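For reference, the structure discussed in these notes is given below.
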Amino acid sequence: MTTTIPERHPGQEGAGPSPRPGAEPKPVSPGRRKLRPYILSVPAVAVVIGILYPFVIGVYYAFLNYSAVNPDPVFIGLENFAFVLSSGEFWHSVQVTLTYAIAATLAETVLGIGIALLLNRSSIVGKIFEKVLILPLMIAPVIAAVVWKLMFNPQFGILNHVLGLGSTFDWLNRERALWSTVLVDLWIYTPFVAILVLAGIRSLPKEPFEASDVDGAGWFYMFRRLMLPMMWPYILVAVIFRFMDCLKIFDIIYVLTAGGPGDTTRSLQVGAYEDSIINLNYSRGSTYMFLLWAIVFATARYLVSVLGKAQRRAAGEEG
Amino acid sequence: MAELMPGRKRVTPSAIAADVLVLVWFVFSLFPILWMVLLALKTSAEQTSTYFVFTPTLENFGTVVSQRGTDLTSVDFTRALLNSILNCGGAVIVSLVVGIPAAYAAGRWKYRGSEDLMFQMLSFRFAPELMVIVRCS
């Protein structure tokens, strides 16, 4: 029998479960031990390759002139990018996407924090409604958008009836369509932010708040100086998730307006869908997708680095 | 204003105002769901009506699961439900089979490429779904 080599943890010394006393770990040869992490990652690597394959093909399409009317594509270099980047349509889509993402994320974050604060009290009303807070999240976004579309209908929709707006107020006209889609996004995803923030608040230590209460700090001072800095990482996680998903928005907009009226709500992914699946111009759609991916990727990198800093600060390692 | 951390129960004007705000949010949040349920219980002639009091009927539910619903909407409800379950269950199983060993390996040992693999997997969340789907058209 070979002597047992003690398990090493090059990543984190002392991490992981220590062997139970008495239970002798099975001896494994050092060569096989070295291979272990690679064997464990084989399925992950397989999936990564499986997803990267269509992804790389998609990027490759962006450099061809591939479409349904042109089944023998040739390499045309950056022509697609030149075309897309010089078209007003694309920049309009960027503007729509950014407006949507910023407005929805901002409103959801502010409302989510507000609701979390309101529910974090010893009140019976709050206790009752906390149970049904996540109901909108449990409905598929497409179904939610269909229900809202029925409610938005100027003639027989319930909203105009209940709000007394008459039968001519059109929620989905040129000026209001984008804000109506933001409203639906806000309806679905505000509970998501509220739940994350509420979980964050509940995990905070109570002592600092009791201490500052004894010292006579006001509500706003405590919120601004104590709660917000400690909750910042939780809020940022919610913001990152929402902002990433909003940049890629497709389902809500497509069900409610299909990018219309005209192109007022044509977000980047709706535009890509129109180009590649409706107009069957695969290369143009891929170019849109590649540019959208680049935007989301860069934003995500930036936000994650901000989150890392915030987490270190909340843990008291920095300033 | 209301207290920041739950403490003693007090009935103050600010506590009542906070409760009212909670109620306002939940009217907004639950109304579309209520309306969806009401529409499901109305007859097809009443679908365009805006009143709340009516005789509920389960007719629509029967239509959806029957052959008639399939003919009307060209969607076979039981088949669609089965598809959803297969899709969801399959995705969960594959994610777990792939994710748990990889996460364990990356958490326990620092090996060459572990960081890259983890970031690569995360970065698929940033990619628009269409990018991967268009390939199959």
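Ordering of the structure tokens sets the chain letters (A, B, ...), residue numbers begin anew at 1 in every chain, and ligands are numbered from 1 in the order given.
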
Could you name the residues that touch region 285-290 of chain A at 8 Å or less, counting only C-alpha atoms, but leaving out those on the same chain fewer than 5 positions away, as a ChimeraX atom specification?
/A:58-59,61-63,80-81,84,90,268-269,271-276 /B:128,130-131,134

Give me a file of those residues, with C-alpha atoms, as a CSV table (one decimal), in the first residue's frame.
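Listing of result36.csv after writing:
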```
chain,number,residue,atom,x,y,z
A,58,GLY,CA,-22.5,33.4,-36.3
A,59,VAL,CA,-19.5,35.8,-36.0
A,61,TYR,CA,-21.5,35.0,-41.0
A,62,ALA,CA,-21.0,38.7,-40.2
A,63,PHE,CA,-18.1,38.7,-42.6
A,80,ASN,CA,-21.4,44.5,-43.4
A,81,PHE,CA,-20.0,46.4,-40.5
A,84,VAL,CA,-24.6,48.7,-40.5
A,90,PHE,CA,-28.7,50.8,-36.4
A,268,LEU,CA,-31.1,45.8,-31.3
A,269,GLN,CA,-32.3,42.2,-30.9
A,271,GLY,CA,-33.7,44.5,-35.4
A,272,ALA,CA,-31.5,41.5,-35.7
A,273,TYR,CA,-34.5,39.2,-35.7
A,274,GLU,CA,-36.1,41.2,-38.5
A,275,ASP,CA,-33.0,41.1,-40.5
A,276,SER,CA,-32.0,37.5,-40.1
B,128,PRO,CA,-27.8,37.4,-27.4
B,130,LEU,CA,-30.3,34.9,-31.6
B,131,MET,CA,-26.5,34.8,-32.2
B,134,VAL,CA,-29.5,31.9,-36.5
```

Could you work out which residues of chain A fall inside 6 Å of chain B? Count only C-alpha atoms, and format the result as a VMD selection string.
chain A and resid 9 11 37 40 to 41 43 to 44 54 to 55 58 121 to 122 156 158 289 293 296 to 297

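Here CA of Pro141 (chain A) is placed at a distance of 11.4 Å from CA of Leu186 (chain A).
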
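You can rank A:Val142, A:Val69, A:Ala211, A:Leu150 by their closest distance to Asn279 (chain A) using only C-alpha atoms, and at the top of that list sits A:Val69.
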
Give me the residues near Ile253 (chain A) as a PyMOL selection string, where near means some atom within 10 Å (using only C-alpha atoms) and where sequence neighbours in that chain fewer than 4 positions away do not count.
chain A and resi 142+145+177-178+180-182+184-185+249+257-260+265-267+269-270

Backbone DSSP call of helix (DSSP H, G or I) for region 127-254 of chain A, listed as an NGL selection string:
:A and (127-130 or 135-138 or 141-152 or 158-163 or 177-202 or 207-214 or 219-247 or 251-254)

In Å, how far is it from CA of Leu280 (chain A) to CA of Asn65 (chain A)?
11.5 Å
